[in-house]
>>> print(open('target.txt').read())   # compact mmCIF, C-alpha atoms and all ligand atoms
# COMPACT_ATOMS: atom_id res chain seq x y z
CA MET A 73 3.33 -48.70 13.47
CA ASN A 74 1.10 -47.49 10.71
CA ARG A 75 0.15 -43.99 11.73
CA GLN A 76 -3.24 -43.19 10.30
CA LEU A 77 -3.82 -39.62 9.23
CA THR A 78 -7.05 -38.86 11.04
CA VAL A 79 -6.97 -35.09 10.76
CA MET A 80 -9.98 -33.31 9.34
CA PRO A 81 -9.61 -31.82 5.85
CA GLU A 82 -9.41 -28.31 7.33
CA GLN A 83 -6.61 -29.38 9.63
CA LEU A 84 -4.86 -31.08 6.79
CA ILE A 85 -4.95 -27.88 4.83
CA GLU A 86 -3.61 -25.96 7.80
CA ARG A 87 -0.91 -28.56 8.26
CA VAL A 88 0.20 -28.27 4.70
CA LEU A 89 -0.13 -24.52 4.72
CA SER A 90 2.06 -24.10 7.77
CA MET A 91 5.05 -24.93 5.59
CA GLU A 92 3.83 -22.52 2.94
CA LEU A 93 4.11 -19.66 5.39
CA VAL A 94 7.85 -20.21 5.42
CA ARG A 95 8.01 -19.16 1.81
CA VAL A 96 6.05 -16.01 2.56
CA THR A 97 8.28 -14.76 5.37
CA GLU A 98 11.44 -15.88 3.54
CA ARG A 99 10.53 -13.75 0.55
CA ALA A 100 9.72 -10.74 2.68
CA ALA A 101 12.98 -11.13 4.60
CA VAL A 102 15.11 -11.41 1.47
CA ALA A 103 13.43 -8.40 -0.11
CA SER A 104 13.98 -6.18 2.92
CA ALA A 105 17.48 -7.53 3.57
CA ARG A 106 18.54 -5.96 0.29
CA TRP A 107 17.80 -2.64 2.01
CA ARG A 108 19.80 -3.41 5.16
CA GLY A 109 22.01 -0.56 6.27
CA ARG A 110 20.72 1.85 3.61
CA GLY A 111 19.10 4.15 6.14
CA ASN A 112 15.80 3.95 4.29
CA GLU A 113 13.15 2.46 6.56
CA LYS A 114 10.31 3.12 4.18
CA ALA A 115 11.93 1.39 1.24
CA ALA A 116 12.92 -1.60 3.36
CA ASP A 117 9.38 -1.93 4.67
CA GLN A 118 7.80 -1.46 1.24
CA ALA A 119 10.02 -4.16 -0.24
CA ALA A 120 8.95 -6.56 2.49
CA VAL A 121 5.28 -5.67 2.06
CA ASP A 122 5.35 -6.14 -1.71
CA ALA A 123 7.11 -9.49 -1.47
CA MET A 124 4.88 -10.77 1.32
CA ARG A 125 1.71 -9.74 -0.45
CA ARG A 126 2.77 -11.32 -3.73
CA GLU A 127 3.58 -14.60 -2.00
CA LEU A 128 0.46 -14.56 0.18
CA ASN A 129 -1.75 -14.16 -2.85
CA ARG A 130 -0.38 -17.40 -4.26
CA LEU A 131 -1.63 -19.40 -1.28
CA PRO A 132 -4.79 -21.52 -1.51
CA ILE A 133 -6.58 -19.58 1.21
CA ASP A 134 -9.47 -17.18 1.58
CA GLY A 135 -7.60 -14.88 3.92
CA THR A 136 -8.48 -11.60 5.57
CA VAL A 137 -5.78 -9.36 6.98
CA VAL A 138 -6.72 -8.57 10.59
CA ILE A 139 -3.33 -7.24 11.65
CA GLY A 140 -1.68 -5.35 8.83
CA GLU A 141 0.22 -2.34 7.66
CA GLY A 142 -2.52 0.08 8.56
CA GLU A 143 -6.17 0.84 8.29
CA ARG A 144 -8.01 0.89 5.01
CA ASP A 145 -8.41 4.64 4.53
CA GLU A 146 -4.63 5.03 4.64
CA ALA A 147 -4.69 2.67 1.62
CA PRO A 148 -1.43 0.85 2.24
CA MET A 149 -0.93 -2.64 0.92
CA LEU A 150 -1.82 -5.43 3.32
CA PHE A 151 -4.28 -3.09 5.02
CA ILE A 152 -6.62 -4.36 7.69
CA GLY A 153 -9.56 -5.97 5.94
CA GLU A 154 -7.67 -6.75 2.72
CA ARG A 155 -8.49 -10.14 1.23
CA VAL A 156 -5.45 -12.24 0.45
CA GLY A 157 -4.88 -15.64 -1.09
CA ASN A 158 -6.39 -17.12 -4.21
CA GLN A 159 -9.77 -17.41 -2.42
CA ALA A 160 -9.86 -21.12 -3.19
CA GLY A 161 -9.09 -22.44 0.26
CA PRO A 162 -10.18 -22.16 3.88
CA LYS A 163 -11.23 -18.89 5.48
CA VAL A 164 -8.38 -17.69 7.66
CA ASP A 165 -7.25 -14.63 9.61
CA ILE A 166 -3.89 -13.25 8.59
CA ALA A 167 -1.66 -11.10 10.79
CA VAL A 168 1.45 -9.61 9.22
CA ASP A 169 4.42 -7.53 10.14
CA PRO A 170 6.41 -7.81 6.91
CA LEU A 171 9.36 -6.00 8.50
CA GLU A 172 9.26 -5.90 12.28
CA GLY A 173 12.01 -3.49 13.30
CA THR A 174 12.30 -1.26 10.23
CA THR A 175 14.86 0.93 12.00
CA LEU A 176 16.96 -2.10 12.91
CA CYS A 177 17.02 -3.07 9.25
CA ALA A 178 17.75 0.44 8.01
CA LYS A 179 20.67 0.65 10.45
CA ASP A 180 21.67 -2.99 9.93
CA ILE A 181 21.60 -3.81 13.61
CA PRO A 182 20.33 -7.05 15.17
CA GLY A 183 16.76 -8.11 15.65
CA SER A 184 14.67 -7.33 12.57
CA ILE A 185 12.41 -10.10 11.29
CA ALA A 186 9.65 -10.75 8.77
CA VAL A 187 6.75 -12.29 10.67
CA MET A 188 3.20 -13.45 10.06
CA ALA A 189 0.47 -15.55 11.61
CA MET A 190 -2.40 -17.48 10.09
CA ALA A 191 -5.34 -18.65 12.17
CA GLU A 192 -8.89 -19.91 11.91
CA ALA A 193 -11.15 -17.10 10.70
CA GLY A 194 -12.32 -14.80 13.47
CA THR A 195 -9.81 -15.92 16.08
CA LEU A 196 -7.07 -13.28 16.02
CA LEU A 197 -7.87 -10.06 17.86
CA ALA A 198 -8.35 -7.34 15.26
CA ALA A 199 -6.26 -4.78 17.11
CA PRO A 200 -6.07 -1.18 15.96
CA ASP A 201 -2.62 0.30 15.57
CA VAL A 202 -2.39 1.70 19.09
CA TYR A 203 -0.14 0.93 22.04
CA MET A 204 -0.65 -2.05 24.29
CA HIS A 205 0.48 -2.75 27.86
CA LYS A 206 2.04 -6.19 27.78
CA ILE A 207 3.43 -8.81 30.09
CA ALA A 208 4.75 -12.19 28.97
CA ILE A 209 6.63 -15.15 30.38
CA GLY A 210 7.64 -18.45 28.85
CA PRO A 211 6.26 -21.95 29.46
CA GLY A 212 6.69 -24.04 32.58
CA TYR A 213 5.20 -21.70 35.19
CA PRO A 214 1.93 -22.08 37.11
CA THR A 215 -0.91 -20.14 35.52
CA GLY A 216 -1.36 -16.60 36.78
CA ILE A 217 1.91 -16.14 38.67
CA VAL A 218 2.40 -12.78 36.97
CA ASP A 219 -0.29 -10.25 36.15
CA LEU A 220 -0.49 -7.08 34.11
CA ASP A 221 -2.08 -5.28 37.05
CA ALA A 222 0.41 -6.40 39.69
CA THR A 223 3.40 -4.20 40.55
CA PRO A 224 6.68 -4.88 38.76
CA ALA A 225 8.17 -5.94 42.12
CA ASP A 226 5.39 -8.44 42.79
CA ASN A 227 5.76 -9.88 39.31
CA ILE A 228 9.55 -10.21 39.49
CA ASN A 229 9.43 -11.72 42.99
CA ALA A 230 6.71 -14.20 42.05
CA LEU A 231 8.59 -15.23 38.93
CA ALA A 232 11.87 -15.65 40.81
CA LYS A 233 10.13 -17.79 43.43
CA ALA A 234 8.51 -19.98 40.79
CA LYS A 235 11.82 -20.35 38.99
CA GLY A 236 13.58 -21.15 42.24
CA VAL A 237 16.10 -18.32 41.94
CA LYS A 238 16.75 -14.95 43.56
CA PRO A 239 15.20 -11.88 41.92
CA SER A 240 18.75 -10.85 41.00
CA GLU A 241 18.88 -13.86 38.69
CA ILE A 242 15.87 -12.67 36.71
CA THR A 243 16.23 -10.57 33.56
CA ALA A 244 13.38 -8.51 32.16
CA LEU A 245 13.24 -7.28 28.59
CA ILE A 246 11.81 -3.79 28.10
CA LEU A 247 11.66 -1.40 25.14
CA ASP A 248 14.09 1.47 25.68
CA ARG A 249 11.65 4.37 25.78
CA PRO A 250 11.27 7.36 28.12
CA ARG A 251 7.78 6.09 29.00
CA HIS A 252 9.39 3.11 30.72
CA GLN A 253 11.63 5.07 33.09
CA ASP A 254 9.59 4.22 36.20
CA LEU A 255 9.05 0.62 35.15
CA ILE A 256 12.78 0.11 34.59
CA ALA A 257 13.60 1.65 37.99
CA ALA A 258 11.00 -0.53 39.72
CA VAL A 259 12.35 -3.71 38.13
CA ARG A 260 15.95 -2.82 38.97
CA ALA A 261 14.93 -2.05 42.57
CA THR A 262 14.09 -5.74 42.99
CA GLY A 263 17.66 -6.64 42.05
CA ALA A 264 16.62 -7.97 38.64
CA GLY A 265 18.45 -6.99 35.48
CA VAL A 266 16.85 -5.17 32.58
CA ARG A 267 17.79 -5.69 28.97
CA LEU A 268 16.74 -2.73 26.88
CA ILE A 269 15.90 -3.10 23.22
CA THR A 270 15.36 -0.26 20.80
CA ASP A 271 12.73 -2.09 18.68
CA GLY A 272 11.41 -5.51 17.90
CA ASP A 273 9.15 -6.64 20.69
CA VAL A 274 7.58 -9.56 18.80
CA ALA A 275 10.95 -11.27 19.08
CA GLY A 276 11.28 -9.75 22.56
CA VAL A 277 8.21 -11.61 23.80
CA ILE A 278 9.33 -14.81 22.06
CA PHE A 279 12.69 -14.52 23.88
CA THR A 280 10.89 -15.46 27.11
CA THR A 281 10.16 -18.90 25.68
CA MET A 282 13.87 -19.70 25.31
CA PRO A 283 15.52 -18.28 28.45
CA ALA A 284 18.51 -20.62 28.19
CA GLU A 285 19.45 -19.09 24.83
CA THR A 286 18.30 -15.52 25.32
CA GLY A 287 18.72 -14.97 29.07
CA ILE A 288 15.27 -13.34 29.17
CA ASP A 289 12.66 -14.42 31.73
CA ILE A 290 9.95 -11.82 31.34
CA TYR A 291 8.78 -9.15 28.90
CA LEU A 292 7.26 -6.01 30.41
CA GLY A 293 6.02 -2.66 29.15
CA ILE A 294 4.23 -0.84 26.40
CA GLY A 295 4.68 -1.76 22.74
CA ALA A 296 2.49 -1.73 19.69
CA ALA A 297 -0.80 -3.69 19.82
CA PRO A 298 -0.46 -5.46 16.43
CA GLU A 299 2.92 -6.82 17.53
CA GLY A 300 1.22 -7.99 20.72
CA VAL A 301 -1.20 -10.18 18.79
CA LEU A 302 1.58 -11.70 16.68
CA ALA A 303 3.64 -12.43 19.78
CA ALA A 304 0.64 -13.97 21.54
CA GLY A 305 0.14 -16.29 18.58
CA ALA A 306 3.71 -17.57 18.86
CA LEU A 307 3.49 -17.91 22.62
CA ARG A 308 0.26 -19.92 22.38
CA CYS A 309 2.15 -22.52 20.40
CA VAL A 310 4.82 -23.09 23.03
CA GLY A 311 2.66 -22.51 26.07
CA GLY A 312 3.85 -19.32 27.71
CA GLN A 313 1.61 -16.75 29.38
CA MET A 314 0.79 -13.29 28.15
CA GLN A 315 -1.65 -10.50 28.91
CA GLY A 316 -2.27 -7.27 27.04
CA ARG A 317 -4.46 -4.20 27.36
CA LEU A 318 -5.04 -1.73 24.53
CA ILE A 319 -4.21 1.87 25.39
CA LEU A 320 -7.26 3.73 24.15
CA ASP A 321 -6.55 7.08 25.71
CA THR A 322 -8.19 9.36 23.17
CA GLU A 323 -11.68 9.52 21.69
CA GLU A 324 -10.24 8.92 18.24
CA ARG A 325 -8.48 5.72 19.35
CA ARG A 326 -11.56 4.44 21.13
CA THR A 327 -13.71 5.10 18.06
CA ARG A 328 -11.27 3.21 15.86
CA ALA A 329 -11.14 0.31 18.31
CA PHE A 330 -14.95 0.12 18.58
CA ALA A 331 -15.20 0.11 14.79
CA MET A 332 -12.89 -2.91 14.79
CA GLY A 333 -15.09 -4.78 17.24
CA VAL A 334 -13.56 -3.90 20.61
CA LYS A 335 -16.34 -3.66 23.19
CA ASP A 336 -14.60 -2.93 26.48
CA PRO A 337 -11.80 -0.36 26.06
CA ASN A 338 -10.20 -1.42 29.37
CA LYS A 339 -10.29 -5.14 28.79
CA LYS A 340 -7.31 -7.16 29.91
CA TYR A 341 -6.80 -9.77 27.20
CA ASP A 342 -5.04 -12.99 28.00
CA MET A 343 -3.06 -14.91 25.45
CA LYS A 344 -6.02 -17.00 24.39
CA GLU A 345 -8.13 -13.92 23.80
CA LEU A 346 -5.43 -12.30 21.70
CA ALA A 347 -5.14 -15.46 19.62
CA SER A 348 -8.03 -17.77 20.43
CA GLY A 349 -7.93 -20.38 17.68
CA ASP A 350 -5.47 -22.72 16.06
CA VAL A 351 -2.64 -20.61 14.79
CA VAL A 352 0.56 -20.94 12.79
CA VAL A 353 3.28 -18.30 13.15
CA ALA A 354 6.34 -17.98 10.93
CA ALA A 355 9.27 -15.60 11.26
CA THR A 356 12.41 -15.20 9.13
CA GLY A 357 15.46 -13.24 10.26
CA VAL A 358 16.34 -10.11 8.29
CA THR A 359 19.31 -8.91 10.35
CA ASP A 360 21.08 -11.32 12.71
CA GLY A 361 19.45 -11.70 16.10
CA ALA A 362 19.14 -13.96 19.12
CA LEU A 363 16.02 -15.57 17.66
CA LEU A 364 17.13 -15.98 14.06
CA SER A 365 20.13 -15.44 11.81
CA GLY A 366 19.69 -12.78 9.20
CA VAL A 367 19.63 -13.26 5.44
CA LYS A 368 23.04 -14.08 3.96
CA PHE A 369 23.81 -13.26 0.37
CA ARG A 370 26.56 -15.64 -0.69
CA GLY A 371 27.25 -15.46 -4.39
CA ASN A 372 24.66 -17.57 -6.07
CA VAL A 373 23.02 -18.71 -2.87
CA ILE A 374 20.79 -16.77 -0.52
CA GLU A 375 20.51 -18.26 2.96
CA THR A 376 17.59 -17.69 5.31
CA GLU A 377 16.59 -18.94 8.73
CA THR A 378 12.93 -19.30 9.63
CA VAL A 379 11.08 -20.52 12.69
CA VAL A 380 7.53 -21.86 12.42
CA TYR A 381 5.24 -22.41 15.40
CA ARG A 382 2.04 -24.48 15.29
CA SER A 383 -0.44 -24.33 18.13
CA VAL A 384 -2.26 -27.58 17.28
CA THR A 385 0.78 -29.67 18.13
CA GLY A 386 3.12 -27.17 19.79
CA THR A 387 5.70 -27.97 17.15
CA VAL A 388 8.53 -25.52 16.60
CA ARG A 389 10.51 -25.96 13.41
CA ARG A 390 13.64 -24.12 12.43
CA ILE A 391 14.23 -24.10 8.72
CA ARG A 392 17.43 -23.05 7.02
CA GLY A 393 16.78 -22.16 3.43
CA GLU A 394 19.30 -22.09 0.63
CA HIS A 395 17.75 -20.36 -2.33
CA ARG A 396 19.08 -20.84 -5.78
CA GLU A 397 16.05 -19.68 -7.74
CA LEU A 398 17.96 -16.59 -8.58
CA SER A 399 15.72 -15.32 -11.32
CA LYS A 400 12.76 -15.53 -8.95
CA PHE A 401 14.46 -13.94 -5.99
CA SER A 402 16.05 -11.22 -8.08
CA LEU A 403 12.55 -9.91 -8.70
CA ASP A 404 12.45 -8.76 -5.08
C1 LIG A 501 7.38 -1.81 19.43
C2 LIG A 501 8.46 -2.46 18.62
C3 LIG A 501 8.35 -2.18 17.18
O1 LIG A 501 7.19 -0.17 17.73
O2 LIG A 501 6.15 -2.46 19.31
C4 LIG A 501 7.34 -0.33 19.11
O3 LIG A 501 8.43 -3.85 18.79
C5 LIG A 501 6.32 0.48 19.87
O4 LIG A 501 6.19 1.80 19.38
O5 LIG A 501 9.45 -2.75 16.50
P1 LIG A 501 7.21 3.05 19.65
O6 LIG A 501 8.38 2.86 18.74
O7 LIG A 501 6.40 4.27 19.32
O8 LIG A 501 7.62 3.01 21.07
C6 LIG A 501 8.26 -0.67 16.98
O9 LIG A 501 9.46 -0.07 17.40
C7 LIG A 501 8.06 -0.37 15.48
O10 LIG A 501 6.91 -0.96 15.01
>>> encode(input="target.txt", output="structure tokens")
Amino acid sequence: MNRQLTVMPEQLIERVLSMELVRVTERAAVASARWRGRGNEKAADQAAVDAMRRELNRLPIDGTVVIGEGERDEAPMLFIGERVGNQAGPKVDIAVDPLEGTTLCAKDIPGSIAVMAMAEAGTLLAAPDVYMHKIAIGPGYPTGIVDLDATPADNINALAKAKGVKPSEITALILDRPRHQDLIAAVRATGAGVRLITDGDVAGVIFTTMPAETGIDIYLGIGAAPEGVLAAGALRCVGGQMQGRLILDTEERRTRAFAMGVKDPNKKYDMKELASGDVVVAATGVTDGALLSGVKFRGNVIETETVVYRSVTGTVRRIRGEHRELSKFSLD
């Protein structure tokens, strides 16, 4: 059959660009992987930021960073509001976490990734760098079976019922923080298991979409808001469910959030409000992890593994890169 390409020019650009994002996260991952195990979080992060920014600015997009390394007055690179791309293409929102899990990378332990999302302009929530209450599950469940405002027990029991298993066969993923002591106890009281992670909750949320591989059914707890938007983008592509609420518990945080366009400080965002438009998300492993293998330096070849999610089609691609452009990569 002769498949006609009936996509609109904008979609075509997005379709082509989705593969370009691979290059961006690959470069960031390779740059930060050179700092693995050096105990220097800042240098690892900076290397990822520099590489990601350089590669982003080569793309034919008119991009605006909506989730970035910080707010403008702190003057980091890839700050919120920074224009990226060569300005010659479509207007898009860009969300970046050039090195998600800086501590994991600095200690060379599993789970650090380079991750970014690109979406239609104005469709990614411009979240300030505050905490966010989050709940996420993977695809295949009826809408609304878990809720951010329900008790942990109600959520675990409802999920177990929908999955057709006992609560003891459910595993929740939670960031290992003192603030989660009560949450962890409440989940365990249902009989469910809790896997604790030290960092890296973008991947943590994504784990719920592949329970057979990761063993994770649900993500619960408080993590960073920017990571919440990135995770929501990935989840939108594969059809899970997620809710988040910004924690705006001081005047200063509320002021910052209002300045970024937040109207209701107590709003419970669902996945489609965190990432409302067509979105592409790419992530490359820095250290080895359940989601992605880390960068391997093998003599003349650098190997990377990247996953790319596209919401328009729900396609998930895993791309193993072998890089031989040594002069180019040695710039990192
Ligand atoms: C999480 C985690 C990140 O921040 O969002 C966490 O996924 C939340 O902040 O990797 P605290 O560390 O203050 O709890 C990170 O650990 C770092 O951005």
>>> residues_near_ligand(input="target.txt", ligand="ligand LIG 501 (chain A)", cutoff="9 Å", atoms="only C-alpha atoms and all ligand atoms", output="PyMOL selection string")
chain A and resi 169+171-176+184+202-204+247-249+251+269-276+294-300
>>> write_last_selection(input="target.txt", atoms="C-alpha atoms", output="PDB file, keeping the file's coordinate frame")
ATOM      1  CA  ASP A 169       4.420  -7.530  10.140  1.00  0.00           C
ATOM      2  CA  LEU A 171       9.360  -6.000   8.500  1.00  0.00           C
ATOM      3  CA  GLU A 172       9.260  -5.900  12.280  1.00  0.00           C
ATOM      4  CA  GLY A 173      12.010  -3.490  13.300  1.00  0.00           C
ATOM      5  CA  THR A 174      12.300  -1.260  10.230  1.00  0.00           C
ATOM      6  CA  THR A 175      14.860   0.930  12.000  1.00  0.00           C
ATOM      7  CA  LEU A 176      16.960  -2.100  12.910  1.00  0.00           C
ATOM      8  CA  SER A 184      14.670  -7.330  12.570  1.00  0.00           C
ATOM      9  CA  VAL A 202      -2.390   1.700  19.090  1.00  0.00           C
ATOM     10  CA  TYR A 203      -0.140   0.930  22.040  1.00  0.00           C
ATOM     11  CA  MET A 204      -0.650  -2.050  24.290  1.00  0.00           C
ATOM     12  CA  LEU A 247      11.660  -1.400  25.140  1.00  0.00           C
ATOM     13  CA  ASP A 248      14.090   1.470  25.680  1.00  0.00           C
ATOM     14  CA  ARG A 249      11.650   4.370  25.780  1.00  0.00           C
ATOM     15  CA  ARG A 251       7.780   6.090  29.000  1.00  0.00           C
ATOM     16  CA  ILE A 269      15.900  -3.100  23.220  1.00  0.00           C
ATOM     17  CA  THR A 270      15.360  -0.260  20.800  1.00  0.00           C
ATOM     18  CA  ASP A 271      12.730  -2.090  18.680  1.00  0.00           C
ATOM     19  CA  GLY A 272      11.410  -5.510  17.900  1.00  0.00           C
ATOM     20  CA  ASP A 273       9.150  -6.640  20.690  1.00  0.00           C
ATOM     21  CA  VAL A 274       7.580  -9.560  18.800  1.00  0.00           C
ATOM     22  CA  ALA A 275      10.950 -11.270  19.080  1.00  0.00           C
ATOM     23  CA  GLY A 276      11.280  -9.750  22.560  1.00  0.00           C
ATOM     24  CA  ILE A 294       4.230  -0.840  26.400  1.00  0.00           C
ATOM     25  CA  GLY A 295       4.680  -1.760  22.740  1.00  0.00           C
ATOM     26  CA  ALA A 296       2.490  -1.730  19.690  1.00  0.00           C
ATOM     27  CA  ALA A 297      -0.800  -3.690  19.820  1.00  0.00           C
ATOM     28  CA  PRO A 298      -0.460  -5.460  16.430  1.00  0.00           C
ATOM     29  CA  GLU A 299       2.920  -6.820  17.530  1.00  0.00           C
ATOM     30  CA  GLY A 300       1.220  -7.990  20.720  1.00  0.00           C
TER      31      GLY A 300
END
>>> atom_distance(input="target.txt", atom1="atom CA of Gly111 of chain A", atom2="atom CA of Glu98 of chain A")
21.6 Å
>>> closest_residue(input="target.txt", among="A:Asp350, A:Glu92, A:Glu143, A:Asp117", to="Val380 of chain A", atoms="only C-alpha atoms")
A:Glu92
>>> residues_near_point(input="target.txt", point="(16.3, -20.1, 10.1)", cutoff="9 Å", atoms="all atoms listed in the file", output="VMD selection string")
chain A and resid 355 to 357 363 to 367 375 to 379 389 to 393
>>> residues_around(input="target.txt", residues="Arg130 of chain A", least_positions_apart="2", cutoff="9 Å", atoms="only C-alpha atoms", output="list in words")
Arg125, Arg126, Glu127, Leu128, Pro132, Ile133, Val156, Gly157 and Asn158 of chain A
>>> write_last_selection(input="target.txt", atoms="C-alpha atoms", output="tab-separated table (two decimals), keeping the file's coordinate frame")
chain	number	residue	atom	x	y	z
A	125	ARG	CA	1.71	-9.74	-0.45
A	126	ARG	CA	2.77	-11.32	-3.73
A	127	GLU	CA	3.58	-14.60	-2.00
A	128	LEU	CA	0.46	-14.56	0.18
A	132	PRO	CA	-4.79	-21.52	-1.51
A	133	ILE	CA	-6.58	-19.58	1.21
A	156	VAL	CA	-5.45	-12.24	0.45
A	157	GLY	CA	-4.88	-15.64	-1.09
A	158	ASN	CA	-6.39	-17.12	-4.21
>>> residues_around(input="target.txt", residues="Pro239 of chain A", least_positions_apart="6", cutoff="12 Å", atoms="only C-alpha atoms", output="list in words")
Pro224, Ala225, Asp226, Asn227, Ile228, Asn229, Ala230, Leu231, Ala232, Lys233, Val259, Arg260, Ala261, Thr262, Gly263, Ala264, Gly265, Val266, Asp289 and Ile290 of chain A
>>> closest_residue(input="target.txt", among="A:Ile209, A:Ile139, A:Val310, A:Leu197", to="Arg155 of chain A", atoms="only C-alpha atoms")
A:Ile139
>>> atom_distance(input="target.txt", atom1="atom CA of Ala105 of chain A", atom2="atom CA of Phe369 of chain A")
9.1 Å
>>> atom_distance(input="target.txt", atom1="atom CA of Met314 of chain A", atom2="atom CA of Ala167 of chain A")
17.7 Å
>>> closest_residue(input="target.txt", among="A:Ala234, A:Glu394, A:Leu196, A:Ala329", to="Glu345 of chain A", atoms="only C-alpha atoms")
A:Leu196
>>> closest_residue(input="target.txt", among="A:Gly386, A:Pro170, A:Gly210, A:Gly371", to="Ile288 of chain A", atoms="all atoms listed in the file")
A:Gly210
>>> closest_residue(input="target.txt", among="A:Phe330, A:Phe279, A:Trp107, A:Tyr381", to="Ala306 of chain A", atoms="all atoms listed in the file")
A:Tyr381
>>> decode(input="target.txt", residues="segment 306-319 of chain A", atoms="N, CA, C and O atoms", output="PDB file, in the first residue's frame")
ATOM      1  N   ALA A 306       6.438  12.411  29.255  1.00  0.00           N
ATOM      2  CA  ALA A 306       6.719  11.033  28.834  1.00  0.00           C
ATOM      3  C   ALA A 306       5.495  10.146  29.031  1.00  0.00           C
ATOM      4  O   ALA A 306       5.145   9.330  28.176  1.00  0.00           O
ATOM      5  N   LEU A 307       4.827  10.332  30.147  1.00  0.00           N
ATOM      6  CA  LEU A 307       3.659   9.502  30.457  1.00  0.00           C
ATOM      7  C   LEU A 307       2.516   9.745  29.471  1.00  0.00           C
ATOM      8  O   LEU A 307       1.789   8.829  29.113  1.00  0.00           O
ATOM      9  N   ARG A 308       2.370  10.988  29.051  1.00  0.00           N
ATOM     10  CA  ARG A 308       1.319  11.309  28.061  1.00  0.00           C
ATOM     11  C   ARG A 308       1.485  10.472  26.806  1.00  0.00           C
ATOM     12  O   ARG A 308       0.527  10.102  26.146  1.00  0.00           O
ATOM     13  N   CYS A 309       2.730  10.188  26.459  1.00  0.00           N
ATOM     14  CA  CYS A 309       2.997   9.479  25.216  1.00  0.00           C
ATOM     15  C   CYS A 309       2.596   8.018  25.296  1.00  0.00           C
ATOM     16  O   CYS A 309       2.248   7.418  24.289  1.00  0.00           O
ATOM     17  N   VAL A 310       2.678   7.437  26.479  1.00  0.00           N
ATOM     18  CA  VAL A 310       2.362   6.011  26.601  1.00  0.00           C
ATOM     19  C   VAL A 310       1.053   5.768  27.339  1.00  0.00           C
ATOM     20  O   VAL A 310       0.646   4.633  27.529  1.00  0.00           O
ATOM     21  N   GLY A 311       0.409   6.862  27.764  1.00  0.00           N
ATOM     22  CA  GLY A 311      -0.950   6.732  28.257  1.00  0.00           C
ATOM     23  C   GLY A 311      -1.142   6.384  29.706  1.00  0.00           C
ATOM     24  O   GLY A 311      -2.166   5.820  30.075  1.00  0.00           O
ATOM     25  N   GLY A 312      -0.204   6.703  30.571  1.00  0.00           N
ATOM     26  CA  GLY A 312      -0.422   6.492  31.994  1.00  0.00           C
ATOM     27  C   GLY A 312      -1.273   7.607  32.589  1.00  0.00           C
ATOM     28  O   GLY A 312      -1.880   8.397  31.855  1.00  0.00           O
ATOM     29  N   GLN A 313      -1.335   7.654  33.901  1.00  0.00           N
ATOM     30  CA  GLN A 313      -2.080   8.713  34.586  1.00  0.00           C
ATOM     31  C   GLN A 313      -1.156   9.374  35.610  1.00  0.00           C
ATOM     32  O   GLN A 313      -0.374   8.694  36.271  1.00  0.00           O
ATOM     33  N   MET A 314      -1.283  10.682  35.716  1.00  0.00           N
ATOM     34  CA  MET A 314      -0.453  11.397  36.681  1.00  0.00           C
ATOM     35  C   MET A 314      -1.180  12.642  37.160  1.00  0.00           C
ATOM     36  O   MET A 314      -1.931  13.254  36.391  1.00  0.00           O
ATOM     37  N   GLN A 315      -0.989  12.967  38.424  1.00  0.00           N
ATOM     38  CA  GLN A 315      -1.470  14.241  38.952  1.00  0.00           C
ATOM     39  C   GLN A 315      -0.341  14.885  39.752  1.00  0.00           C
ATOM     40  O   GLN A 315       0.506  14.188  40.324  1.00  0.00           O
ATOM     41  N   GLY A 316      -0.347  16.203  39.791  1.00  0.00           N
ATOM     42  CA  GLY A 316       0.666  16.918  40.559  1.00  0.00           C
ATOM     43  C   GLY A 316       0.104  18.204  41.141  1.00  0.00           C
ATOM     44  O   GLY A 316      -0.816  18.792  40.567  1.00  0.00           O
ATOM     45  N   ARG A 317       0.620  18.592  42.283  1.00  0.00           N
ATOM     46  CA  ARG A 317       0.220  19.875  42.877  1.00  0.00           C
ATOM     47  C   ARG A 317       1.479  20.576  43.370  1.00  0.00           C
ATOM     48  O   ARG A 317       2.280  19.987  44.115  1.00  0.00           O
ATOM     49  N   LEU A 318       1.675  21.812  42.929  1.00  0.00           N
ATOM     50  CA  LEU A 318       2.841  22.586  43.360  1.00  0.00           C
ATOM     51  C   LEU A 318       2.744  22.837  44.857  1.00  0.00           C
ATOM     52  O   LEU A 318       1.646  23.056  45.383  1.00  0.00           O
ATOM     53  N   ILE A 319       3.885  22.817  45.530  1.00  0.00           N
ATOM     54  CA  ILE A 319       3.883  23.132  46.960  1.00  0.00           C
ATOM     55  C   ILE A 319       4.367  24.575  47.099  1.00  0.00           C
ATOM     56  O   ILE A 319       5.562  24.865  47.031  1.00  0.00           O
TER      57      ILE A 319
END
